[in-house]
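Visitor: Next up, target38.cif (mmCIF, C-alpha atoms).
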data_input
loop_
_atom_site.label_atom_id
_atom_site.label_comp_id
_atom_site.auth_asym_id
_atom_site.auth_seq_id
_atom_site.Cartn_x
_atom_site.Cartn_y
_atom_site.Cartn_z
CA MET A 114 -75.44 102.36 239.94
CA ALA A 115 -72.01 102.09 238.38
CA PHE A 116 -70.14 98.82 238.64
CA ILE A 117 -67.11 99.45 240.86
CA PRO A 118 -64.85 96.44 241.48
CA SER A 119 -62.96 96.36 244.73
CA LEU A 120 -61.16 93.04 244.85
CA GLY A 121 -58.78 94.26 247.46
CA GLY A 122 -61.33 96.00 249.65
CA ARG A 123 -62.72 94.57 252.85
CA ARG A 124 -66.03 95.85 254.12
CA GLY A 125 -68.44 94.67 256.74
CA ARG A 126 -71.35 92.59 255.58
CA ASN A 127 -74.53 94.67 255.43
CA THR A 128 -78.05 93.30 255.35
CA VAL A 129 -81.49 94.80 255.03
CA SER A 130 -84.71 93.41 256.42
CA ALA A 131 -87.06 91.66 254.06
CA PRO A 132 -90.74 92.54 254.31
CA GLN A 133 -91.49 88.98 255.27
CA ALA A 134 -88.90 86.47 256.39
CA PRO A 135 -89.01 83.24 254.43
CA SER A 136 -89.86 80.05 256.22
CA PRO A 137 -86.84 77.92 257.14
CA ALA A 138 -86.20 75.28 254.54
CA ARG A 139 -84.11 72.20 254.82
CA LYS A 140 -81.38 72.51 252.25
CA SER A 141 -80.76 69.54 250.00
CA GLU A 142 -77.26 68.19 249.83
CA TYR A 143 -76.81 69.40 246.26
CA VAL A 144 -77.94 72.97 247.10
CA VAL A 145 -74.87 74.72 248.50
CA ASP A 146 -76.47 78.14 249.01
CA CYS A 147 -79.45 80.16 247.88
CA ALA A 148 -79.61 83.90 248.51
CA VAL A 149 -81.53 87.00 247.48
CA TYR A 150 -79.63 90.25 246.83
CA VAL A 151 -81.24 93.66 246.70
CA ASP A 152 -79.10 96.74 246.00
CA GLY A 153 -76.08 94.49 246.37
CA LYS A 154 -77.00 93.39 249.90
CA ARG A 155 -78.02 89.91 250.92
CA LEU A 156 -81.43 89.56 252.53
CA PRO A 157 -81.40 87.61 255.79
CA GLY A 158 -82.90 84.18 256.20
CA ARG A 159 -82.84 80.87 254.42
CA TRP A 160 -84.58 80.51 251.09
CA THR A 161 -85.72 77.83 248.72
CA HIS A 162 -85.35 78.64 245.05
CA THR A 163 -89.12 79.10 244.65
CA GLU A 164 -89.34 81.43 247.65
CA ALA A 165 -86.33 83.40 246.41
CA VAL A 166 -87.78 83.89 242.93
CA THR A 167 -91.15 84.90 244.37
CA GLU A 168 -89.47 87.47 246.62
CA VAL A 169 -87.50 89.03 243.75
CA ARG A 170 -90.47 89.16 241.42
CA SER A 171 -92.72 90.68 244.07
CA ARG A 172 -90.13 93.37 244.78
CA GLY A 173 -89.44 94.05 241.10
CA GLU A 174 -85.73 94.37 241.87
CA GLY A 175 -82.76 92.33 243.05
CA PHE A 176 -81.67 88.88 241.93
CA VAL A 177 -81.25 85.32 243.15
CA TRP A 178 -77.96 83.43 243.32
CA ILE A 179 -78.33 79.71 243.87
CA GLY A 180 -75.32 77.39 243.96
CA LEU A 181 -75.59 73.67 243.19
CA HIS A 182 -72.98 70.96 243.57
CA GLU A 183 -73.05 67.97 241.19
CA PRO A 184 -76.86 67.62 240.98
CA ASP A 185 -78.41 64.79 239.00
CA ALA A 186 -81.15 65.22 236.42
CA GLU A 187 -83.97 64.74 238.94
CA GLN A 188 -82.50 67.15 241.49
CA ILE A 189 -81.97 69.98 239.01
CA GLN A 190 -85.38 69.60 237.37
CA GLY A 191 -87.20 71.81 239.85
CA VAL A 192 -84.63 74.59 239.54
CA ALA A 193 -84.74 74.33 235.75
CA GLU A 194 -88.52 74.68 235.68
CA THR A 195 -88.52 77.60 238.12
CA PHE A 196 -85.95 79.62 236.18
CA GLY A 197 -86.93 78.42 232.70
CA LEU A 198 -83.56 76.88 231.84
CA HIS A 199 -83.11 75.28 228.45
CA GLU A 200 -83.15 71.48 228.51
CA LEU A 201 -79.95 71.13 226.44
CA ALA A 202 -78.02 73.42 228.79
CA VAL A 203 -79.44 71.54 231.80
CA GLU A 204 -78.25 68.26 230.31
CA ASP A 205 -74.76 69.70 229.86
CA ALA A 206 -74.77 70.97 233.44
CA VAL A 207 -75.68 67.54 234.80
CA HIS A 208 -73.29 65.42 232.80
CA ALA A 209 -70.33 67.86 232.87
CA HIS A 210 -67.09 67.10 230.97
CA GLN A 211 -67.77 70.04 228.66
CA ARG A 212 -65.37 72.35 226.89
CA PRO A 213 -65.47 76.01 227.97
CA LYS A 214 -68.21 77.64 225.93
CA LEU A 215 -70.95 80.27 225.93
CA ASP A 216 -74.45 79.46 224.68
CA ARG A 217 -77.11 82.11 224.25
CA TYR A 218 -80.76 81.20 224.70
CA GLU A 219 -83.93 83.24 224.52
CA SER A 220 -83.97 84.45 228.12
CA ASN A 221 -80.60 83.46 229.56
CA LEU A 222 -76.96 82.69 228.94
CA PHE A 223 -75.20 79.42 229.70
CA ILE A 224 -71.45 79.43 230.20
CA VAL A 225 -69.05 76.59 231.00
CA LEU A 226 -65.73 77.31 232.71
CA LYS A 227 -63.02 74.82 233.65
CA THR A 228 -61.40 75.14 237.07
CA VAL A 229 -57.84 74.01 237.73
CA ARG A 230 -55.89 73.22 240.87
CA TYR A 231 -52.16 72.71 241.22
CA VAL A 232 -51.42 69.41 242.96
CA GLU A 233 -48.52 69.78 245.36
CA HIS A 234 -45.66 67.34 244.82
CA GLU A 235 -42.01 66.92 245.73
CA SER A 236 -40.64 66.99 242.20
CA PRO A 237 -42.08 67.03 238.66
CA THR A 238 -39.78 64.10 237.88
CA THR A 239 -41.65 61.84 240.33
CA ALA A 240 -45.20 63.29 240.29
CA ASN A 241 -48.14 61.29 238.99
CA GLU A 242 -50.46 64.29 238.73
CA ILE A 243 -49.76 68.01 238.56
CA VAL A 244 -53.07 69.59 237.53
CA GLU A 245 -56.55 68.66 238.74
CA THR A 246 -59.52 70.05 236.83
CA GLY A 247 -63.18 70.68 237.61
CA GLU A 248 -66.05 72.63 236.07
CA ILE A 249 -68.38 75.48 236.88
CA MET A 250 -71.50 76.05 234.80
CA ALA A 251 -73.49 79.25 235.18
CA PHE A 252 -76.99 80.15 234.00
CA LEU A 253 -77.41 83.91 233.78
CA GLY A 254 -80.85 85.51 233.58
CA LYS A 255 -82.38 88.92 234.15
CA ASN A 256 -82.85 88.41 237.88
CA TYR A 257 -80.98 85.21 238.69
CA VAL A 258 -77.71 83.36 238.37
CA VAL A 259 -77.53 79.60 238.90
CA THR A 260 -74.09 78.05 239.34
CA VAL A 261 -73.46 74.31 239.04
CA ARG A 262 -70.13 72.97 240.30
CA HIS A 263 -68.34 69.74 239.48
CA GLY A 264 -65.18 68.85 241.36
CA ALA A 265 -64.08 69.06 244.97
CA HIS A 266 -61.83 72.11 244.56
CA SER A 267 -64.23 74.42 242.71
CA GLY A 268 -66.05 75.87 245.73
CA LEU A 269 -67.40 79.41 245.46
CA HIS A 270 -67.99 80.06 249.18
CA ASP A 271 -65.01 82.41 249.57
CA LEU A 272 -65.92 84.27 246.38
CA ARG A 273 -69.50 84.70 247.55
CA GLU A 274 -68.32 86.15 250.86
CA GLU A 275 -65.92 88.49 249.06
CA LEU A 276 -68.66 89.76 246.78
CA GLU A 277 -71.03 90.24 249.71
CA ARG A 278 -68.42 92.47 251.35
CA SER A 279 -68.64 94.71 248.28
CA PRO A 280 -72.34 95.57 247.77
CA GLU A 281 -71.43 98.10 245.09
CA ARG A 282 -70.26 95.20 242.92
CA LEU A 283 -73.37 93.08 243.44
CA SER A 284 -75.59 96.08 242.78
CA ALA A 285 -74.74 95.64 239.08
CA GLY A 286 -76.85 92.47 239.09
CA PRO A 287 -76.23 88.84 238.14
CA ALA A 288 -73.60 89.85 235.57
CA ALA A 289 -71.39 90.98 238.46
CA VAL A 290 -71.49 87.46 239.88
CA LEU A 291 -70.54 86.00 236.50
CA HIS A 292 -67.66 88.47 236.25
CA GLY A 293 -66.51 87.54 239.76
CA ILE A 294 -66.52 83.83 238.88
CA ALA A 295 -64.64 84.35 235.62
CA ASP A 296 -62.10 86.64 237.29
CA TRP A 297 -61.56 84.15 240.13
CA ILE A 298 -61.05 81.26 237.73
CA VAL A 299 -58.62 83.14 235.49
CA ASP A 300 -56.66 84.27 238.57
CA SER A 301 -56.36 80.59 239.52
CA TYR A 302 -55.02 79.93 236.01
CA LEU A 303 -52.32 82.53 236.64
CA ALA A 304 -51.37 80.93 239.96
CA VAL A 305 -51.19 77.45 238.42
CA SER A 306 -49.12 78.70 235.48
CA GLU A 307 -46.64 80.33 237.87
CA ALA A 308 -46.30 77.07 239.81
CA PHE A 309 -45.90 75.19 236.54
CA GLU A 310 -43.10 77.57 235.54
CA ASN A 311 -41.06 76.43 238.54
CA ASP A 312 -41.61 72.80 237.54
CA ILE A 313 -40.51 73.52 233.97
CA ASP A 314 -37.32 75.17 235.25
CA LEU A 315 -36.56 72.10 237.39
CA LEU A 316 -37.18 69.81 234.43
CA GLU A 317 -34.94 71.89 232.19
CA ARG A 318 -32.06 71.68 234.66
CA ALA A 319 -32.61 67.95 235.11
CA VAL A 320 -32.69 67.21 231.38
CA PHE A 321 -29.32 68.85 230.76
CA ALA A 322 -27.68 67.53 233.92
CA PRO A 323 -24.65 65.22 233.37
CA ARG A 324 -26.57 62.27 234.75
CA ASN A 325 -30.09 62.81 233.54
CA PRO A 326 -32.65 61.50 236.08
CA VAL A 327 -35.61 62.27 233.76
CA GLY A 328 -36.94 59.63 231.40
CA ALA A 329 -39.12 60.03 228.35
CA GLU A 330 -42.13 58.62 230.24
CA GLN A 331 -41.97 61.38 232.86
CA MET A 332 -41.63 64.03 230.16
CA TYR A 333 -44.73 62.70 228.46
CA LEU A 334 -46.62 62.86 231.77
CA VAL A 335 -45.71 66.52 232.31
CA LYS A 336 -46.63 67.32 228.72
CA ARG A 337 -49.98 65.60 229.24
CA GLU A 338 -50.61 67.82 232.29
CA ILE A 339 -49.75 70.90 230.22
CA LEU A 340 -52.27 69.77 227.61
CA GLU A 341 -54.86 69.38 230.38
CA LEU A 342 -54.23 72.99 231.42
CA ARG A 343 -54.32 74.06 227.77
CA ARG A 344 -57.74 72.48 227.26
CA ALA A 345 -59.06 74.53 230.19
CA VAL A 346 -57.52 77.85 229.15
CA MET A 347 -57.59 78.11 225.37
CA PRO A 348 -61.31 77.55 224.61
CA LEU A 349 -62.34 80.16 227.19
CA ALA A 350 -60.95 83.04 225.10
CA ASN A 351 -63.92 83.19 222.71
CA PRO A 352 -66.66 83.20 225.42
CA LEU A 353 -64.90 85.98 227.36
CA ARG A 354 -64.45 88.01 224.21
CA ARG A 355 -68.13 87.66 223.38
CA LEU A 356 -69.10 88.78 226.89
CA ALA A 357 -66.76 91.77 226.64
CA GLU A 358 -68.23 92.74 223.28
CA GLY A 359 -71.80 92.67 224.63
CA CYS A 360 -73.26 89.54 223.08
CA SER A 361 -76.36 89.89 225.26
CA PRO A 362 -78.30 92.70 226.97
CA LEU A 363 -77.95 90.64 230.17
CA ILE A 364 -74.38 92.01 230.42
CA PRO A 365 -74.59 95.75 231.26
CA GLU A 366 -72.16 98.13 229.66
CA GLU A 367 -70.47 98.91 232.98
CA VAL A 368 -69.65 95.20 233.41
CA ARG A 369 -68.36 94.55 229.89
CA SER A 370 -65.18 96.54 230.36
CA TYR A 371 -64.25 94.33 233.31
CA PHE A 372 -64.70 91.23 231.20
CA ARG A 373 -62.13 92.80 228.86
CA ASP A 374 -59.70 92.92 231.78
CA VAL A 375 -60.34 89.24 232.51
CA ASP A 376 -59.78 88.48 228.83
CA ASP A 377 -56.41 90.27 228.99
CA HIS A 378 -55.37 88.12 231.95
CA LEU A 379 -56.49 85.01 230.08
CA THR A 380 -54.33 86.05 227.13
CA THR A 381 -51.33 86.22 229.46
CA VAL A 382 -52.05 82.70 230.69
CA SER A 383 -52.55 81.43 227.14
CA GLU A 384 -49.17 82.79 226.10
CA ARG A 385 -47.53 81.11 229.09
CA VAL A 386 -49.19 77.77 228.40
CA THR A 387 -48.19 77.93 224.73
CA ALA A 388 -44.60 78.71 225.73
CA PHE A 389 -44.62 75.82 228.24
CA ASP A 390 -45.91 73.45 225.58
CA GLU A 391 -43.24 74.49 223.09
CA LEU A 392 -40.49 74.30 225.70
CA LEU A 393 -41.64 70.85 226.83
CA THR A 394 -41.61 69.68 223.23
CA THR A 395 -38.01 70.90 222.95
CA LEU A 396 -37.05 69.23 226.24
CA LEU A 397 -38.73 66.01 225.15
CA ASP A 398 -36.79 66.07 221.88
CA ALA A 399 -33.60 66.70 223.84
CA THR A 400 -34.39 63.81 226.19
CA LEU A 401 -35.03 61.45 223.29
CA ALA A 402 -31.83 62.65 221.59
CA LYS A 403 -29.84 61.98 224.77
CA ILE A 404 -31.40 58.53 225.05
CA THR A 405 -30.53 57.78 221.40
CA LEU A 406 -26.99 59.06 221.90
CA GLN A 407 -26.58 56.91 225.00
CA GLN A 408 -27.87 53.88 223.13
CA ASN A 409 -25.42 54.52 220.28
CA SER A 410 -22.60 54.87 222.79
CA ASP A 411 -23.57 51.60 224.42
CA MET A 412 -23.71 49.86 221.05
CA ARG A 413 -20.23 51.11 220.18
CA LYS A 414 -18.89 49.79 223.48
CA ILE A 415 -20.55 46.43 222.97
CA THR A 416 -19.23 46.21 219.41
CA SER A 417 -15.72 47.17 220.51
CA TRP A 418 -15.54 44.52 223.23
CA ALA A 419 -17.06 41.95 220.89
CA ALA A 420 -14.30 42.66 218.33
CA ILE A 421 -11.59 42.37 220.99
CA ILE A 422 -13.01 39.10 222.31
CA ALA A 423 -13.29 37.76 218.74
CA VAL A 424 -9.47 37.62 218.39
CA PRO A 425 -8.74 35.05 221.16
CA THR A 426 -11.94 33.24 220.28
CA MET A 427 -10.79 32.77 216.68
CA VAL A 428 -7.26 31.68 217.58
CA VAL A 429 -8.39 29.30 220.30
CA GLY A 430 -11.03 27.96 217.95
CA VAL A 431 -8.41 27.16 215.31
CA TYR A 432 -6.14 25.35 217.75
CA GLY A 433 -9.05 23.53 219.21
CA MET A 434 -9.61 21.56 216.00
CA ASN A 435 -8.58 17.89 216.06
CA PHE A 436 -5.93 17.93 213.33
CA GLU A 437 -2.50 16.31 213.65
CA PHE A 438 -0.58 18.81 211.59
CA MET A 439 -1.12 22.29 213.10
CA PRO A 440 1.27 25.26 212.79
CA GLU A 441 3.99 25.06 215.45
CA LEU A 442 2.11 22.32 217.25
CA LYS A 443 5.26 20.49 218.34
CA TRP A 444 7.34 23.64 219.01
CA ARG A 445 8.02 24.29 222.71
CA PHE A 446 7.56 28.06 222.26
CA GLY A 447 4.37 27.72 220.21
CA TYR A 448 1.98 28.26 223.12
CA PRO A 449 3.77 31.35 224.49
CA LEU A 450 3.92 32.78 220.95
CA VAL A 451 0.20 32.32 220.41
CA MET A 452 -0.58 34.00 223.76
CA VAL A 453 1.65 36.95 222.89
CA VAL A 454 -0.01 37.32 219.49
CA ILE A 455 -3.47 37.20 221.07
CA PHE A 456 -2.55 39.76 223.74
CA THR A 457 -0.89 42.06 221.18
CA ALA A 458 -3.87 41.91 218.80
CA CYS A 459 -6.32 42.65 221.62
CA LEU A 460 -4.17 45.53 222.85
CA VAL A 461 -3.96 47.05 219.35
CA LEU A 462 -7.73 46.83 218.92
CA TYR A 463 -8.30 48.35 222.37
CA ARG A 464 -5.99 51.29 221.53
CA ILE A 465 -7.76 51.85 218.21
CA PHE A 466 -11.23 51.83 219.77
CA ARG A 467 -10.00 54.01 222.62
CA LYS A 468 -8.56 56.54 220.20
CA ASN A 469 -11.87 56.71 218.31
CA ARG A 470 -13.74 57.07 221.62
CA TRP A 471 -15.68 53.89 221.28
CA LEU A 472 -14.42 52.85 224.69
#
Mind turning the file's structure into structure tokens?
Guide:
Amino acid sequence: MAFIPSLGGRRGRNTVSAPQAPSPARKSEYVVDCAVYVDGKRLPGRWTHTEAVTEVRSRGEGFVWIGLHEPDAEQIQGVAETFGLHELAVEDAVHAHQRPKLDRYESNLFIVLKTVRYVEHESPTTANEIVETGEIMAFLGKNYVVTVRHGAHSGLHDLREELERSPERLSAGPAAVLHGIADWIVDSYLAVSEAFENDIDLLERAVFAPRNPVGAEQMYLVKREILELRRAVMPLANPLRRLAEGCSPLIPEEVRSYFRDVDDHLTTVSERVTAFDELLTTLLDATLAKITLQQNSDMRKITSWAAIIAVPTMVVGVYGMNFEFMPELKWRFGYPLVMVVIFTACLVLYRIFRKNRWL
């Protein structure tokens, strides 16, 4: 059946009866959901991963989608043995903090994707965090897809429900789930980049305002958040391109073209992030230049006032020496003359500094 995406469509959830309903199983905390899909429709009931695999293999069709949330090595071991997951990929899935990548093994694919969430804040000039990141790892096999999530904001419940409302999409197999995850994540990149664009505009206006409220420290923080977004977006280009080019027979031809569309959207985000990074570098340079200019202006003012104060200090210092014979010491107009000379010298220096815009 052809792979027909319908992101905007809304259909009722259809189910078909399984030959034998699985026994109810108590879900572990790390198992978010486990479902069996046949012809794009979810079979009713609750399944363990072993029961789900047995059902699919006995039918000779359909696939299993099991979602895990931050499992440890012991918790994921049973799933890894059931689906034959490679131990290196399992280790990466447990420990997380991986760069986006795509690894190809003998019977499955392992892909790492970074999720991002825009942290609401009043102003980028006062925010402590703008972007929060998480991770989604996916194991893709012939009749299964295992997703491992890290982070509180990377839930796939809404995506699963959306895909289940479009059986024609899920009928393409596990690759359709991987496409849905990649498309959802890249769409979130677009939303975060649009929100970031508003922050950049606010920063730009603040930097060139007459009284700049933005310091170099805040600019560095925003640039650090841009780099965090960049680390999530940029490395994903190569894995998506490989999926679009058909790096594995696990990705059907009808699904590859839709990975190309996701790759195009990622390119748009990458261009935005690169532009943000370059603009922030320019704004940071402008901020540092304004700080340097302000410091130079302050130094000129300090120097000017120091020169003006030096005149009375010098004169008073001379007349403060304990000598008997001082110029005009016994003259009745000596004191007024000295005060006039001091005032005139200070006034001349003030006018000179004022004319040269040091004051």
Visitor: Find the nearest atom pair between each residue of segment 264-368 of chain A and segment 391-396 of chain A for residues within 9 Å, count only C-alpha atoms, give distances in Å to one decimal, sort rows by chain and ascending number, and present the table as CSV.
Guide:
residue,atom,partner,partner_atom,distance
A:Ile313,CA,A:Leu393,CA,7.7
A:Leu316,CA,A:Leu396,CA,8.2
A:Glu317,CA,A:Leu396,CA,6.9
A:Val320,CA,A:Leu396,CA,7.0
A:Phe321,CA,A:Leu396,CA,9.0
A:Met332,CA,A:Leu393,CA,7.6
A:Tyr333,CA,A:Leu393,CA,8.9
A:Val335,CA,A:Leu393,CA,8.1
A:Lys336,CA,A:Leu393,CA,6.4
A:Ile339,CA,A:Leu393,CA,8.8
Visitor: Tell me which protein, DNA and RNA residues are within 8 Å of Ser301 of chain A, counting all atoms listed in the file, leaving out same-chain ones fewer than 2 positions away, and put them as a ChimeraX atom specification.
Guide: /A:228-230,297-299,303-305
Visitor: Here is a test: counting only C-alpha atoms, which residue of A:Ile364, A:Ala240, A:Ala285, A:Leu226 is nearest to Gly175 of chain A?
Guide: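 Among A:Ile364, A:Ala240, A:Ala285, A:Leu226, it is A:Ala285 that comes nearest to Gly175 of chain A.
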Visitor: As an exercise, work out the distance from atom CA of Leu397 of chain A to atom CA of Glu310 of chain A in Å and give it to one decimal place.
Guide: 16.1 Å
Visitor: Determine the nearest neighbour of Leu181 of chain A from the options A:Ala251, A:Ile422, A:Val261, A:Ala206, counting all atoms listed in the file.
Guide: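 That would be A:Val261, the residue with the smallest distance to Leu181 of chain A.
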Visitor: So what does the PyMOL selection byres ((chain A and resi 151) around 12) actually pick up in this one, as JSON, numbers by chain?
Guide: {"A": [127, 128, 129, 130, 131, 148, 149, 150, 152, 153, 154, 155, 156, 157, 165, 168, 169, 170, 172, 173, 174, 175, 176, 177, 178, 256, 257, 277, 280, 281, 282, 283, 284, 285, 286, 287]}
Visitor: Can those selected residues be exported to a file as a PDB file, in the coordinates of the input so that it contains C-alpha atoms?
Guide:
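File produced: selection-v6.pdb:
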ATOM      1  CA  ASN A 127     -74.530  94.670 255.430  1.00  0.00           C
ATOM      2  CA  THR A 128     -78.050  93.300 255.350  1.00  0.00           C
ATOM      3  CA  VAL A 129     -81.490  94.800 255.030  1.00  0.00           C
ATOM      4  CA  SER A 130     -84.710  93.410 256.420  1.00  0.00           C
ATOM      5  CA  ALA A 131     -87.060  91.660 254.060  1.00  0.00           C
ATOM      6  CA  ALA A 148     -79.610  83.900 248.510  1.00  0.00           C
ATOM      7  CA  VAL A 149     -81.530  87.000 247.480  1.00  0.00           C
ATOM      8  CA  TYR A 150     -79.630  90.250 246.830  1.00  0.00           C
ATOM      9  CA  ASP A 152     -79.100  96.740 246.000  1.00  0.00           C
ATOM     10  CA  GLY A 153     -76.080  94.490 246.370  1.00  0.00           C
ATOM     11  CA  LYS A 154     -77.000  93.390 249.900  1.00  0.00           C
ATOM     12  CA  ARG A 155     -78.020  89.910 250.920  1.00  0.00           C
ATOM     13  CA  LEU A 156     -81.430  89.560 252.530  1.00  0.00           C
ATOM     14  CA  PRO A 157     -81.400  87.610 255.790  1.00  0.00           C
ATOM     15  CA  ALA A 165     -86.330  83.400 246.410  1.00  0.00           C
ATOM     16  CA  GLU A 168     -89.470  87.470 246.620  1.00  0.00           C
ATOM     17  CA  VAL A 169     -87.500  89.030 243.750  1.00  0.00           C
ATOM     18  CA  ARG A 170     -90.470  89.160 241.420  1.00  0.00           C
ATOM     19  CA  ARG A 172     -90.130  93.370 244.780  1.00  0.00           C
ATOM     20  CA  GLY A 173     -89.440  94.050 241.100  1.00  0.00           C
ATOM     21  CA  GLU A 174     -85.730  94.370 241.870  1.00  0.00           C
ATOM     22  CA  GLY A 175     -82.760  92.330 243.050  1.00  0.00           C
ATOM     23  CA  PHE A 176     -81.670  88.880 241.930  1.00  0.00           C
ATOM     24  CA  VAL A 177     -81.250  85.320 243.150  1.00  0.00           C
ATOM     25  CA  TRP A 178     -77.960  83.430 243.320  1.00  0.00           C
ATOM     26  CA  ASN A 256     -82.850  88.410 237.880  1.00  0.00           C
ATOM     27  CA  TYR A 257     -80.980  85.210 238.690  1.00  0.00           C
ATOM     28  CA  GLU A 277     -71.030  90.240 249.710  1.00  0.00           C
ATOM     29  CA  PRO A 280     -72.340  95.570 247.770  1.00  0.00           C
ATOM     30  CA  GLU A 281     -71.430  98.100 245.090  1.00  0.00           C
ATOM     31  CA  ARG A 282     -70.260  95.200 242.920  1.00  0.00           C
ATOM     32  CA  LEU A 283     -73.370  93.080 243.440  1.00  0.00           C
ATOM     33  CA  SER A 284     -75.590  96.080 242.780  1.00  0.00           C
ATOM     34  CA  ALA A 285     -74.740  95.640 239.080  1.00  0.00           C
ATOM     35  CA  GLY A 286     -76.850  92.470 239.090  1.00  0.00           C
ATOM     36  CA  PRO A 287     -76.230  88.840 238.140  1.00  0.00           C
TER      37      PRO A 287
END
Visitor: Quick one: everything within 8 Å of Lys414 of chain A, counting all atoms listed in the file, minus sequence neighbours fewer than 3 positions away in the same chain. Send it as a ChimeraX atom specification.
Guide: /A:410-411,417-418,471-472
Visitor: The PyMOL selection byres ((chain A and resi 219) around 12) on the file shown: which residues, as a ChimeraX atom specification?
Guide: /A:197-199,216-218,220-223,253-255,361-363
